[in-house]
file input38.cif (mmCIF, C-alpha atoms)
data_final
loop_
_atom_site.label_atom_id
_atom_site.label_comp_id
_atom_site.auth_asym_id
_atom_site.auth_seq_id
_atom_site.Cartn_x
_atom_site.Cartn_y
_atom_site.Cartn_z
CA MET A 68 22.69 4.06 11.21
CA SER A 69 21.58 0.99 9.27
CA SER A 70 22.65 0.52 5.66
CA PRO A 71 20.43 1.93 2.94
CA ALA A 72 18.08 -0.63 1.39
CA ILE A 73 19.60 0.22 -1.98
CA SER A 74 22.61 2.30 -2.78
CA ILE A 75 23.71 2.87 -6.35
CA ASP A 76 26.88 4.85 -6.91
CA ASP A 77 28.05 6.07 -10.32
CA LEU A 78 26.62 3.02 -12.06
CA ALA A 79 27.44 2.54 -15.73
CA TYR A 80 26.49 -0.35 -17.95
CA ARG A 81 27.49 -0.85 -21.54
CA TYR A 82 25.73 -3.29 -23.83
CA ASP A 83 27.55 -4.43 -26.99
CA ARG A 84 26.54 -1.45 -29.06
CA SER A 85 25.47 1.24 -26.69
CA GLU A 86 25.76 2.45 -23.12
CA ALA A 87 22.52 2.06 -21.22
CA LEU A 88 23.59 3.75 -17.97
CA HIS A 89 26.08 6.58 -17.56
CA GLY A 90 26.91 7.21 -13.94
CA LEU A 91 23.58 6.72 -12.19
CA SER A 92 23.47 7.30 -8.43
CA LEU A 93 20.62 6.97 -5.94
CA THR A 94 19.95 5.86 -2.36
CA VAL A 95 16.82 4.21 -1.02
CA GLN A 96 16.35 4.30 2.76
CA PRO A 97 14.63 1.41 4.55
CA GLY A 98 10.87 1.95 4.79
CA GLU A 99 10.60 4.23 1.78
CA CYS A 100 8.30 3.76 -1.14
CA TYR A 101 10.69 4.83 -3.88
CA GLY A 102 9.67 5.56 -7.47
CA PHE A 103 12.09 4.98 -10.33
CA PHE A 104 10.52 6.88 -13.19
CA GLY A 105 11.67 6.77 -16.79
CA ARG A 106 10.52 6.13 -20.30
CA THR A 107 10.95 2.75 -21.93
CA GLY A 108 14.65 2.40 -22.71
CA ALA A 109 15.79 4.98 -20.12
CA GLY A 110 17.80 2.35 -18.23
CA LYS A 111 15.35 1.24 -15.54
CA THR A 112 15.42 -2.48 -16.19
CA THR A 113 19.21 -2.47 -16.69
CA THR A 114 19.57 -0.87 -13.24
CA ILE A 115 17.33 -3.47 -11.63
CA LYS A 116 19.24 -6.28 -13.32
CA CYS A 117 22.45 -4.92 -11.79
CA LEU A 118 20.79 -4.98 -8.34
CA LEU A 119 19.90 -8.64 -8.84
CA ASN A 120 23.28 -9.65 -10.22
CA LEU A 121 21.69 -10.53 -13.55
CA LEU A 122 24.14 -8.04 -15.08
CA ARG A 123 27.59 -7.00 -13.86
CA PRO A 124 28.12 -3.23 -13.83
CA THR A 125 30.69 -1.87 -16.28
CA ARG A 126 31.56 0.76 -13.67
CA GLY A 127 30.33 1.90 -10.28
CA ALA A 128 28.83 0.02 -7.37
CA VAL A 129 25.46 -1.29 -6.28
CA ARG A 130 24.66 -2.40 -2.74
CA VAL A 131 21.53 -3.93 -1.28
CA PHE A 132 21.37 -3.57 2.52
CA GLY A 133 25.09 -2.92 2.33
CA MET A 134 25.82 -6.15 0.45
CA ASP A 135 27.33 -6.56 -2.99
CA PRO A 136 24.87 -8.62 -5.07
CA ALA A 137 27.77 -10.10 -7.07
CA ARG A 138 29.43 -11.50 -3.95
CA GLN A 139 26.47 -12.19 -1.69
CA GLU A 140 23.82 -13.10 -4.20
CA ALA A 141 22.01 -15.60 -1.97
CA GLU A 142 21.88 -13.21 1.02
CA VAL A 143 20.65 -10.36 -1.16
CA LYS A 144 17.96 -12.50 -2.77
CA ALA A 145 16.78 -13.75 0.62
CA ARG A 146 15.94 -10.18 1.65
CA LEU A 147 14.16 -9.01 -1.47
CA ALA A 148 11.43 -10.08 -3.83
CA TYR A 149 11.46 -9.05 -7.46
CA VAL A 150 8.55 -8.93 -9.85
CA PRO A 151 9.63 -8.43 -13.47
CA ASP A 152 7.42 -6.74 -16.01
CA PHE A 153 6.83 -10.01 -17.77
CA VAL A 154 6.30 -13.03 -15.57
CA ALA A 155 6.61 -16.64 -16.68
CA PHE A 156 5.13 -19.62 -14.83
CA TYR A 157 5.49 -23.33 -15.41
CA PRO A 158 2.56 -24.14 -17.69
CA TRP A 159 1.60 -27.35 -15.88
CA MET A 160 1.10 -25.56 -12.58
CA SER A 161 -2.08 -24.11 -11.13
CA VAL A 162 -2.11 -20.84 -9.19
CA ARG A 163 -1.92 -22.93 -5.99
CA ASP A 164 1.02 -25.03 -7.25
CA SER A 165 2.86 -21.94 -8.38
CA LEU A 166 2.58 -20.25 -4.99
CA ASP A 167 3.68 -23.46 -3.21
CA TYR A 168 6.61 -23.68 -5.59
CA GLN A 169 7.65 -20.09 -4.84
CA ALA A 170 7.19 -20.69 -1.10
CA SER A 171 9.57 -23.66 -1.29
CA PHE A 172 12.45 -21.26 -1.99
CA ARG A 173 11.64 -19.04 0.96
CA SER A 174 12.48 -19.37 4.63
CA HIS A 175 9.32 -17.44 5.52
CA TRP A 176 5.85 -17.44 3.95
CA ASN A 177 2.71 -15.77 5.27
CA ARG A 178 -0.18 -18.11 4.41
CA ASP A 179 -2.83 -15.78 5.85
CA LEU A 180 -1.61 -12.88 3.78
CA GLU A 181 -1.50 -15.08 0.70
CA ARG A 182 -5.08 -16.25 1.27
CA SER A 183 -6.42 -12.76 1.93
CA LEU A 184 -4.79 -11.36 -1.22
CA LEU A 185 -6.13 -14.21 -3.36
CA GLU A 186 -9.57 -13.32 -2.05
CA GLN A 187 -9.20 -9.56 -2.44
CA LEU A 188 -7.97 -9.90 -6.02
CA GLN A 189 -10.48 -12.68 -6.73
CA LEU A 190 -7.88 -15.05 -8.08
CA ASP A 191 -9.01 -18.69 -8.07
CA PRO A 192 -6.20 -20.94 -6.72
CA ASN A 193 -7.36 -23.81 -8.94
CA LEU A 194 -6.90 -21.93 -12.21
CA PRO A 195 -4.12 -23.25 -14.43
CA THR A 196 -1.41 -20.59 -14.92
CA THR A 197 -1.75 -20.97 -18.69
CA GLY A 198 -5.29 -19.61 -18.46
CA LEU A 199 -4.30 -16.36 -16.74
CA SER A 200 -4.54 -12.94 -18.34
CA LYS A 201 -1.53 -10.60 -18.30
CA GLY A 202 -3.04 -8.79 -15.34
CA GLN A 203 -3.70 -12.01 -13.42
CA ARG A 204 -0.12 -13.19 -14.05
CA THR A 205 1.17 -9.98 -12.51
CA GLN A 206 -1.23 -10.38 -9.59
CA LEU A 207 -0.03 -13.91 -8.98
CA ALA A 208 3.62 -12.84 -9.08
CA LEU A 209 2.91 -9.98 -6.66
CA ILE A 210 1.06 -12.23 -4.22
CA GLY A 211 4.09 -14.52 -4.26
CA ALA A 212 6.44 -11.61 -3.68
CA ILE A 213 4.45 -10.19 -0.78
CA ALA A 214 3.64 -13.48 0.96
CA ALA A 215 7.40 -13.95 1.44
CA GLU A 216 7.40 -10.67 3.42
CA PRO A 217 10.83 -9.55 2.25
CA ASP A 218 12.50 -6.36 3.52
CA LEU A 219 12.59 -5.00 -0.01
CA LEU A 220 10.10 -5.31 -2.84
CA VAL A 221 11.44 -4.53 -6.31
CA LEU A 222 8.76 -4.02 -8.95
CA ASP A 223 9.45 -3.47 -12.63
CA GLU A 224 6.48 -1.85 -14.40
CA PRO A 225 3.93 -3.60 -12.15
CA THR A 226 0.91 -1.94 -13.72
CA SER A 227 1.71 -2.06 -17.42
CA GLY A 228 -0.68 -4.33 -19.25
CA LEU A 229 -3.38 -3.78 -16.64
CA ASP A 230 -6.70 -2.13 -17.27
CA PRO A 231 -6.26 1.59 -16.49
CA LEU A 232 -9.42 1.48 -14.37
CA VAL A 233 -8.06 -1.14 -11.98
CA ARG A 234 -4.38 -0.12 -11.95
CA ARG A 235 -4.64 2.33 -9.12
CA GLU A 236 -6.88 0.21 -6.92
CA PHE A 237 -4.66 -2.75 -7.53
CA ILE A 238 -1.35 -1.12 -6.69
CA GLN A 239 -2.87 0.45 -3.57
CA THR A 240 -4.01 -2.96 -2.38
CA ILE A 241 -0.66 -4.58 -3.06
CA ILE A 242 1.58 -1.94 -1.52
CA GLY A 243 -0.81 -1.42 1.40
CA ALA A 244 -0.89 -5.15 2.17
CA TYR A 245 2.90 -5.27 2.00
CA GLN A 246 3.39 -2.30 4.34
CA ASP A 247 0.65 -3.31 6.79
CA ALA A 248 2.54 -5.76 8.96
CA ALA A 249 5.50 -3.44 9.53
CA PRO A 250 4.77 0.11 8.44
CA GLY A 251 7.89 2.24 8.18
CA GLN A 252 10.14 -0.76 7.62
CA ARG A 253 8.99 -2.28 4.37
CA THR A 254 10.83 -0.82 1.41
CA VAL A 255 9.40 -0.62 -2.10
CA PHE A 256 11.44 0.20 -5.19
CA VAL A 257 9.10 0.55 -8.12
CA SER A 258 10.13 1.25 -11.69
CA THR A 259 7.41 2.64 -13.91
CA HIS A 260 6.50 5.01 -16.69
CA LEU A 261 2.83 5.02 -15.60
CA ILE A 262 3.10 7.49 -12.76
CA THR A 263 -0.45 8.70 -12.16
CA GLU A 264 -1.53 5.76 -10.03
CA PHE A 265 1.49 6.19 -7.76
CA GLU A 266 0.73 9.82 -6.91
CA GLY A 267 -0.07 9.28 -3.22
CA LEU A 268 2.16 6.27 -2.70
CA ILE A 269 5.60 7.56 -3.53
CA ASP A 270 7.74 9.00 -0.73
CA ARG A 271 10.73 9.80 -2.90
CA PHE A 272 11.64 9.27 -6.55
CA THR A 273 14.35 9.50 -9.16
CA VAL A 274 13.65 10.35 -12.77
CA VAL A 275 16.05 8.53 -15.06
CA ASP A 276 16.50 9.72 -18.61
CA GLN A 277 18.97 8.38 -21.13
CA GLY A 278 20.84 6.49 -18.43
CA ARG A 279 21.22 9.41 -16.04
CA ALA A 280 19.38 10.52 -12.92
CA VAL A 281 17.93 13.88 -13.89
CA LEU A 282 15.84 14.53 -10.77
CA THR A 283 15.74 13.06 -7.27
CA ALA A 284 13.32 14.50 -4.72
CA THR A 285 10.65 13.63 -2.20
CA ALA A 286 7.18 13.76 -3.74
CA ASP A 287 6.22 16.59 -1.36
CA ASP A 288 9.28 18.70 -2.21
CA ALA A 289 8.83 18.14 -5.93
CA ARG A 290 5.18 19.21 -5.75
CA GLY A 291 6.20 22.20 -3.65
CA ARG A 292 8.71 23.33 -6.26
CA PHE A 293 7.13 22.46 -9.61
CA ARG A 294 4.16 24.78 -9.91
CA ARG A 295 1.85 26.05 -12.59
CA ILE A 296 0.83 29.69 -12.44
CA ARG A 297 -2.10 31.00 -14.44
CA ALA A 298 -2.52 34.74 -14.79
CA GLU A 299 -5.33 36.32 -16.74
CA PHE A 300 -4.98 39.90 -17.97
CA GLU A 301 -7.47 42.34 -19.33
CA GLY A 302 -4.92 44.28 -21.34
CA ALA A 303 -1.76 43.14 -23.09
CA LEU A 304 0.07 40.15 -21.63
CA PRO A 305 3.54 40.66 -20.13
CA GLU A 306 6.50 39.74 -22.35
CA ASP A 307 8.19 36.34 -22.14
CA SER A 308 11.45 38.08 -21.28
CA GLU A 309 9.98 39.06 -17.90
CA PHE A 310 9.91 35.39 -16.87
CA ARG A 311 13.41 34.06 -17.37
CA GLN A 312 13.06 31.70 -14.42
CA ALA A 313 10.04 29.91 -15.96
CA ARG A 314 10.56 26.43 -17.40
CA SER A 315 7.77 26.92 -19.86
CA ILE A 316 5.55 29.78 -20.95
CA ARG A 317 2.24 29.37 -22.72
CA ARG A 318 -0.14 31.99 -23.99
CA ARG A 319 -3.81 31.24 -24.49
CA GLY A 320 -5.80 34.30 -25.37
CA ARG A 321 -5.69 36.54 -22.31
CA THR A 322 -4.13 33.89 -20.13
CA LEU A 323 -0.47 33.38 -19.41
CA GLU A 324 0.53 29.97 -18.11
CA LEU A 325 3.94 29.53 -16.53
CA VAL A 326 5.57 26.43 -15.14
CA VAL A 327 8.31 26.98 -12.60
CA ASN A 328 10.75 24.84 -10.67
CA GLY A 329 11.07 26.81 -7.43
CA GLU A 330 10.68 30.58 -7.20
CA GLY A 331 6.91 30.20 -7.56
CA GLU A 332 6.28 32.66 -4.73
CA SER A 333 8.56 35.39 -6.08
CA LEU A 334 7.00 35.05 -9.51
CA MET A 335 3.54 35.33 -7.95
CA GLU A 336 4.65 38.47 -6.18
CA TYR A 337 5.93 39.94 -9.44
CA LEU A 338 2.74 39.04 -11.30
CA ARG A 339 0.63 40.75 -8.64
CA THR A 340 2.43 43.99 -9.46
CA ARG A 341 1.30 43.60 -13.09
CA GLY A 342 -2.33 43.83 -12.04
CA PRO A 343 -3.77 40.56 -13.33
CA ALA A 344 -7.55 40.03 -13.50
CA SER A 345 -7.00 36.64 -11.90
CA LEU A 346 -4.02 34.78 -10.56
CA GLU A 347 -3.80 31.11 -9.58
CA ILE A 348 -1.06 28.74 -8.57
CA GLU A 349 -1.12 24.95 -8.29
CA SER A 350 1.40 22.15 -8.04
CA LEU A 351 2.14 19.84 -10.91
CA THR A 352 1.28 16.18 -10.53
CA LEU A 353 4.19 13.73 -10.36
CA GLU A 354 3.38 12.67 -13.91
CA GLU A 355 3.60 16.28 -15.12
CA ILE A 356 6.83 16.82 -13.19
CA PHE A 357 8.21 13.73 -14.89
CA LEU A 358 7.23 15.00 -18.34
CA HIS A 359 8.83 18.36 -17.57
CA THR A 360 12.06 16.74 -16.45
CA VAL A 361 12.80 14.32 -19.27
CA GLN A 362 14.15 15.47 -22.61
CA PRO A 363 11.45 16.11 -25.16
CA GLY A 364 11.04 13.08 -27.35
CA THR A 365 8.69 10.21 -27.85
CA THR A 366 5.89 10.04 -25.31
CA PRO A 367 6.47 7.51 -22.56
CA MET B 74 -14.57 14.90 10.59
CA ARG B 75 -13.71 14.25 6.99
CA ILE B 76 -10.06 14.49 5.95
CA GLN B 77 -9.25 15.30 2.35
CA VAL B 78 -5.92 15.80 0.64
CA GLN B 79 -5.11 17.74 -2.48
CA PHE B 80 -1.86 16.83 -4.16
CA GLN B 81 -1.90 20.01 -6.22
CA SER B 82 -2.06 22.37 -3.26
CA GLY B 83 1.73 22.23 -2.92
CA VAL B 84 1.40 21.57 0.82
CA PRO B 85 3.08 18.33 1.96
CA VAL B 86 0.44 15.63 2.26
CA TYR B 87 1.22 14.74 5.87
CA LEU B 88 0.95 18.44 6.79
CA GLN B 89 -2.49 18.70 5.18
CA ILE B 90 -3.65 15.92 7.51
CA VAL B 91 -2.03 17.58 10.53
CA GLN B 92 -3.65 20.92 9.73
CA GLN B 93 -7.10 19.42 9.15
CA VAL B 94 -7.05 17.47 12.40
CA LYS B 95 -5.92 20.58 14.26
CA SER B 96 -8.61 22.75 12.76
CA ALA B 97 -11.29 20.11 13.35
CA ALA B 98 -10.16 19.99 16.97
CA ALA B 99 -10.20 23.78 17.26
CA GLY B 100 -13.61 24.03 15.58
CA GLY B 101 -15.16 21.30 17.70
CA THR B 102 -15.96 18.84 14.87
CA LEU B 103 -13.46 16.53 16.54
CA ARG B 104 -13.90 16.35 20.30
CA PRO B 105 -11.60 15.30 23.13
CA GLY B 106 -11.54 11.53 23.52
CA GLU B 107 -12.90 10.96 20.04
CA SER B 108 -10.96 8.46 17.93
CA LEU B 109 -9.20 9.12 14.65
CA PRO B 110 -9.35 6.65 11.76
CA SER B 111 -6.62 4.00 11.88
CA VAL B 112 -3.51 4.52 9.75
CA ARG B 113 -4.65 1.77 7.45
CA THR B 114 -8.20 3.07 7.04
CA LEU B 115 -7.14 6.63 6.36
CA ALA B 116 -4.39 5.56 3.95
CA GLU B 117 -6.87 3.48 1.96
CA GLU B 118 -9.50 6.18 1.98
CA LEU B 119 -7.13 8.92 0.81
CA ARG B 120 -5.22 6.54 -1.47
CA ILE B 121 -1.94 7.45 0.08
CA ASN B 122 1.01 5.69 1.58
CA ARG B 123 0.72 4.34 5.15
CA ASN B 124 4.03 6.10 5.92
CA THR B 125 2.41 9.47 5.22
CA VAL B 126 -0.49 8.92 7.62
CA ALA B 127 1.86 7.54 10.25
CA ARG B 128 4.05 10.63 9.89
CA ALA B 129 1.05 12.95 10.33
CA TYR B 130 -0.10 11.08 13.46
CA THR B 131 3.42 11.12 14.90
CA GLU B 132 3.57 14.86 14.44
CA LEU B 133 0.12 15.35 15.96
CA GLU B 134 1.18 13.26 18.91
CA SER B 135 4.40 15.18 19.49
CA ASP B 136 2.41 18.42 19.25
CA GLY B 137 0.16 17.07 21.98
CA VAL B 138 -2.98 17.09 19.85
CA ILE B 139 -3.63 13.36 19.89
CA GLU B 140 -2.55 10.40 21.96
CA THR B 141 -1.94 6.81 20.96
CA ARG B 142 -3.38 4.11 23.17
CA GLN B 143 -1.69 0.79 22.60
CA GLY B 144 -3.89 -1.50 20.56
CA SER B 145 -6.88 0.81 20.35
CA GLY B 146 -5.69 3.62 18.08
CA CYS B 147 -5.37 7.39 18.20
CA PHE B 148 -7.58 9.78 20.14
CA LEU B 149 -7.93 13.50 20.42
CA LYS B 150 -6.48 14.78 23.67
CA ALA B 151 -8.27 17.21 25.95
CA ASN B 152 -7.22 20.85 25.61
CA GLY B 153 -4.23 22.18 27.47
CA GLU B 154 -2.40 18.88 27.54
CA SER B 155 0.26 20.03 25.12
CA PRO B 156 3.74 18.78 26.03
CA LEU B 157 5.19 21.99 24.55
CA SER B 158 5.95 24.88 26.84
CA LYS B 159 3.78 27.96 26.59
CA SER B 160 6.59 30.00 25.03
CA VAL B 161 7.15 27.40 22.30
CA ARG B 162 3.43 27.28 21.60
CA GLN B 163 3.31 31.06 21.37
CA GLU B 164 6.31 31.17 19.09
CA ARG B 165 4.70 28.70 16.68
CA LEU B 166 1.51 30.67 16.71
CA LEU B 167 3.35 33.90 15.98
CA ALA B 168 4.92 32.37 12.87
CA GLY B 169 1.40 31.68 11.61
CA ILE B 170 0.28 35.20 12.46
CA ASP B 171 3.26 36.70 10.60
CA ALA B 172 2.36 34.68 7.51
CA LEU B 173 -1.22 35.89 7.81
CA ILE B 174 -0.11 39.54 8.01
CA VAL B 175 2.02 39.18 4.87
CA GLU B 176 -0.85 37.50 3.03
CA ALA B 177 -3.30 40.21 4.14
CA HIS B 178 -0.91 42.87 2.88
CA HIS B 179 -0.78 41.17 -0.54
CA PHE B 180 -4.55 40.99 -0.71
CA GLY B 181 -4.77 44.70 0.08
CA ILE B 182 -6.54 44.10 3.43
CA THR B 183 -5.91 46.92 5.91
CA ASP B 184 -4.85 46.29 9.51
CA VAL B 185 -8.26 47.42 10.78
CA GLU B 186 -10.07 45.03 8.42
CA LEU B 187 -7.77 42.18 9.39
CA LYS B 188 -8.48 42.73 13.11
CA ARG B 189 -12.20 42.76 12.43
CA LEU B 190 -12.02 39.55 10.35
CA LEU B 191 -10.07 37.85 13.11
CA ALA B 192 -12.54 38.95 15.76
CA ASP B 193 -15.51 37.76 13.65
CA ARG B 194 -13.88 34.43 13.06
CA LEU B 195 -13.18 33.87 16.73
CA THR B 196 -16.80 34.60 17.59
CA GLN B 197 -18.02 32.23 14.87
CA ASN B 198 -15.74 29.41 16.01
CA ARG B 199 -16.80 29.83 19.65
CA SER B 200 -20.47 29.59 18.81
CA GLN B 201 -19.81 26.59 16.53
CA SER B 202 -17.94 24.60 19.15
CA ALA B 203 -20.53 25.53 21.73
CA SER B 204 -23.30 24.07 19.56
CA HIS B 205 -21.42 20.80 19.03
#

call {"tool": "encode", "arguments": {"input": "input38.cif", "output": "structure tokens"}}
result
Amino acid sequence: MSSPAISIDDLAYRYDRSEALHGLSLTVQPGECYGFFGRTGAGKTTTIKCLLNLLRPTRGAVRVFGMDPARQEAEVKARLAYVPDFVAFYPWMSVRDSLDYQASFRSHWNRDLERSLLEQLQLDPNLPTTGLSKGQRTQLALIGAIAAEPDLLVLDEPTSGLDPLVRREFIQTIIGAYQDAAPGQRTVFVSTHLITEFEGLIDRFTVVDQGRAVLTATADDARGRFRRIRAEFEGALPEDSEFRQARSIRRRGRTLELVVNGEGESLMEYLRTRGPASLEIESLTLEEIFLHTVQPGTTP
Amino acid sequence: MRIQVQFQSGVPVYLQIVQQVKSAAAGGTLRPGESLPSVRTLAEELRINRNTVARAYTELESDGVIETRQGSGCFLKANGESPLSKSVRQERLLAGIDALIVEAHHFGITDVELKRLLADRLTQNRSQSASH
């Protein structure tokens, strides 16, 4: 079997004053679209910096296509493209110059793909990079990353700073264009706290919270397990103590709302025996699953 | 045929596509030889990953529902071309029937009512596919 695109084993990183990562592990298989979900400060960017050899792990190991980024930095960087959450360009360059400059570092560059993305995103190649909005800067960086057609695309908060209305459309276009030429082989590792627009795109994800992986699952499995059950009763509602397996219990008038992680079916069966007036079950969205998994605290 | 996916149904997304194509084929809204949307088109329309559509089509192909013609896309196969043996096909069908029986029991539907519903449905489907 080929090496995983990314493998992170027991990764710890300590900054001067605090530890940002405490034993994080995850594996990304080639071809996956992998979500790395966490609040600001959860350790996402620190992890990515370790992958790129911008930081040396305090403990543990990171491998990209089986290679150690600290020892084979050039080989690792040739196979991936990284788009940070804040992108800087040389101020004297136009969009065109900037793409040519990026292309000069690459052994491969797809001009047709570059042109079609510039058109789709309506980015004028003659614009000076100093005149670009935050969203346009991200677009330019992403076009550069994708035109190089790397085996692995690493995105750090690609949609933050974009208009919520265009975020979803935009990320669909970008990831779709990247996967098009070789579906099933192009790997995406995307770190984000804005999960809604990735709902249909993510194959598998890890939720990182306070430097630890608190949940790793495929999107389908997670949606199959994390479910919301609503039961309406005409008489008195059942007691909370009857639902020990529920992650959360809410009462709203005659309605009982339970969130479960697994055991949804057995709970449904039990509720049916209590004679509810209505009974419904639905899966949580990835965003809701994320919010249920991280420790309560500041909103993401 | 219009494919729709619901993330909150709890059914894996690729499986929703598989099931909808199969039921469109059984109901006659998708006919033998008719083409399915390309992976790219369907992924964009449903706003999902290309991998997911590709996985659904692979499964439909291995179940003998569709066939891929190099360079021209995916097409619905004619009936009875399943590569699975009859016993395997029956076994899969029985699993579905068992699930249906359990569900009917939970809804308080008697065996007689269930048989009648099934018979009605078969008649309806036949007349629908005949009119297509």

call {"tool": "atom_distance", "arguments": {"input": "input38.cif", "atom1": "CA of Leu115 (chain B)", "atom2": "CA of Arg178 (chain A)"}}
result
25.8 Å

call {"tool": "interface_residues", "arguments": {"input": "input38.cif", "of": "chain A", "to": "chain B", "cutoff": "6 Å", "atoms": "all atoms listed in the file", "output": "ChimeraX atom specification"}}
result
/A:251,267-268,287,290-291,349-350

call {"tool": "resolve_selection", "arguments": {"input": "input38.cif", "expression": "the PyMOL selection byres ((chain A and resi 203-207) around 10)", "output": "PyMOL selection string"}}
result
chain A and resi 150-156+162-163+165-166+181+184-185+188-190+192+196-202+208-212+224-229+237-238+241

call {"tool": "atom_distance", "arguments": {"input": "input38.cif", "atom1": "CA of Glu107 (chain B)", "atom2": "CA of Val94 (chain B)"}}
result
11.6 Å

call {"tool": "atom_distance", "arguments": {"input": "input38.cif", "atom1": "CA of Gly144 (chain B)", "atom2": "CA of Asp270 (chain A)"}}
result
26.4 Å

call {"tool": "resolve_selection", "arguments": {"input": "input38.cif", "expression": "the PyMOL selection byres ((chain A and resi 106) around 10)", "output": "mmCIF file with C-alpha atoms, keeping the file's coordinate frame"}}
result
data_model
loop_
_atom_site.group_PDB
_atom_site.id
_atom_site.type_symbol
_atom_site.label_atom_id
_atom_site.label_comp_id
_atom_site.auth_asym_id
_atom_site.auth_seq_id
_atom_site.Cartn_x
_atom_site.Cartn_y
_atom_site.Cartn_z
ATOM 1 C CA PHE A 104 10.520 6.880 -13.190
ATOM 2 C CA GLY A 105 11.670 6.770 -16.790
ATOM 3 C CA THR A 107 10.950 2.750 -21.930
ATOM 4 C CA GLY A 108 14.650 2.400 -22.710
ATOM 5 C CA ALA A 109 15.790 4.980 -20.120
ATOM 6 C CA GLY A 110 17.800 2.350 -18.230
ATOM 7 C CA LYS A 111 15.350 1.240 -15.540
ATOM 8 C CA SER A 258 10.130 1.250 -11.690
ATOM 9 C CA THR A 259 7.410 2.640 -13.910
ATOM 10 C CA HIS A 260 6.500 5.010 -16.690
ATOM 11 C CA LEU A 261 2.830 5.020 -15.600
ATOM 12 C CA VAL A 274 13.650 10.350 -12.770
ATOM 13 C CA VAL A 275 16.050 8.530 -15.060
ATOM 14 C CA ASP A 276 16.500 9.720 -18.610
ATOM 15 C CA GLN A 277 18.970 8.380 -21.130
ATOM 16 C CA PHE A 357 8.210 13.730 -14.890
ATOM 17 C CA LEU A 358 7.230 15.000 -18.340
ATOM 18 C CA VAL A 361 12.800 14.320 -19.270
ATOM 19 C CA GLY A 364 11.040 13.080 -27.350
ATOM 20 C CA THR A 365 8.690 10.210 -27.850
ATOM 21 C CA THR A 366 5.890 10.040 -25.310
ATOM 22 C CA PRO A 367 6.470 7.510 -22.560
#

call {"tool": "closest_residue", "arguments": {"input": "input38.cif", "among": "A:Pro250, A:Gly278, A:Gly302, A:Ser69", "to": "Leu88 (chain A)", "atoms": "all atoms listed in the file"}}
result
A:Gly278

call {"tool": "residues_around", "arguments": {"input": "input38.cif", "residues": "Ala280 (chain A)", "least_positions_apart": "5", "cutoff": "9 Å", "atoms": "all atoms listed in the file", "output": "compact mmCIF listing (two decimals) with C-alpha atoms, in the frame of the given file"}}
result
# COMPACT_ATOMS: atom_id res chain seq x y z
CA GLY A 90 26.91 7.21 -13.94
CA LEU A 91 23.58 6.72 -12.19
CA SER A 92 23.47 7.30 -8.43
CA LEU A 93 20.62 6.97 -5.94
CA THR A 273 14.35 9.50 -9.16
CA VAL A 274 13.65 10.35 -12.77
CA VAL A 275 16.05 8.53 -15.06

call {"tool": "residues_around", "arguments": {"input": "input38.cif", "residues": "Ile174 (chain B)", "least_positions_apart": "5", "cutoff": "12 Å", "atoms": "only C-alpha atoms", "output": "ChimeraX atom specification"}}
result
/B:167-169,179-188,191

call {"tool": "closest_residue", "arguments": {"input": "input38.cif", "among": "B:Arg194, B:Arg104, B:Arg75, B:Arg199", "to": "Lys150 (chain B)", "atoms": "all atoms listed in the file"}}
result
B:Arg104

call {"tool": "resolve_selection", "arguments": {"input": "input38.cif", "expression": "the PyMOL selection byres ((chain A and resi 272) around 10)", "output": "list of chain:residue names"}}
result
A:Leu93, A:Thr94, A:Val95, A:Glu99, A:Cys100, A:Tyr101, A:Gly102, A:Phe103, A:Phe104, A:Phe256, A:Val257, A:Ser258, A:Ile269, A:Asp270, A:Arg271, A:Thr273, A:Val274, A:Val275, A:Leu282, A:Thr283, A:Ala284, A:Thr285, A:Ala286, A:Ala289, A:Leu353

call {"tool": "residues_around", "arguments": {"input": "input38.cif", "residues": "Ala97 (chain B)", "least_positions_apart": "5", "cutoff": "7 Å", "atoms": "all atoms listed in the file", "output": "short mmCIF file (atom, residue, chain, number, x, y, z; two decimals) with C-alpha atoms, keeping the file's coordinate frame"}}
result
data_model
loop_
_atom_site.label_atom_id
_atom_site.label_comp_id
_atom_site.auth_asym_id
_atom_site.auth_seq_id
_atom_site.Cartn_x
_atom_site.Cartn_y
_atom_site.Cartn_z
CA MET B 74 -14.57 14.90 10.59
CA THR B 102 -15.96 18.84 14.87
CA LEU B 103 -13.46 16.53 16.54
#

call {"tool": "closest_residue", "arguments": {"input": "input38.cif", "among": "A:Glu236, A:Val221, A:Thr352, A:Gly329", "to": "Ile262 (chain A)", "atoms": "only C-alpha atoms"}}
result
A:Thr352

call {"tool": "closest_residue", "arguments": {"input": "input38.cif", "among": "A:Pro97, A:His89, A:Leu219, A:Arg295", "to": "Lys144 (chain A)", "atoms": "all atoms listed in the file"}}
result
A:Leu219

call {"tool": "residues_around", "arguments": {"input": "input38.cif", "residues": "Glu324 (chain A)", "least_positions_apart": "4", "cutoff": "8 Å", "atoms": "all atoms listed in the file", "output": "list in words"}}
result
Arg295, Ile296, Arg297, Ala298, Ile316, Arg317, Arg318 and Arg319 of chain A

call {"tool": "write_last_selection", "arguments": {"input": "input38.cif", "atoms": "C-alpha atoms", "output": "tab-separated table (two decimals), keeping the file's coordinate frame"}}
result
chain	number	residue	atom	x	y	z
A	295	ARG	CA	1.85	26.05	-12.59
A	296	ILE	CA	0.83	29.69	-12.44
A	297	ARG	CA	-2.10	31.00	-14.44
A	298	ALA	CA	-2.52	34.74	-14.79
A	316	ILE	CA	5.55	29.78	-20.95
A	317	ARG	CA	2.24	29.37	-22.72
A	318	ARG	CA	-0.14	31.99	-23.99
A	319	ARG	CA	-3.81	31.24	-24.49
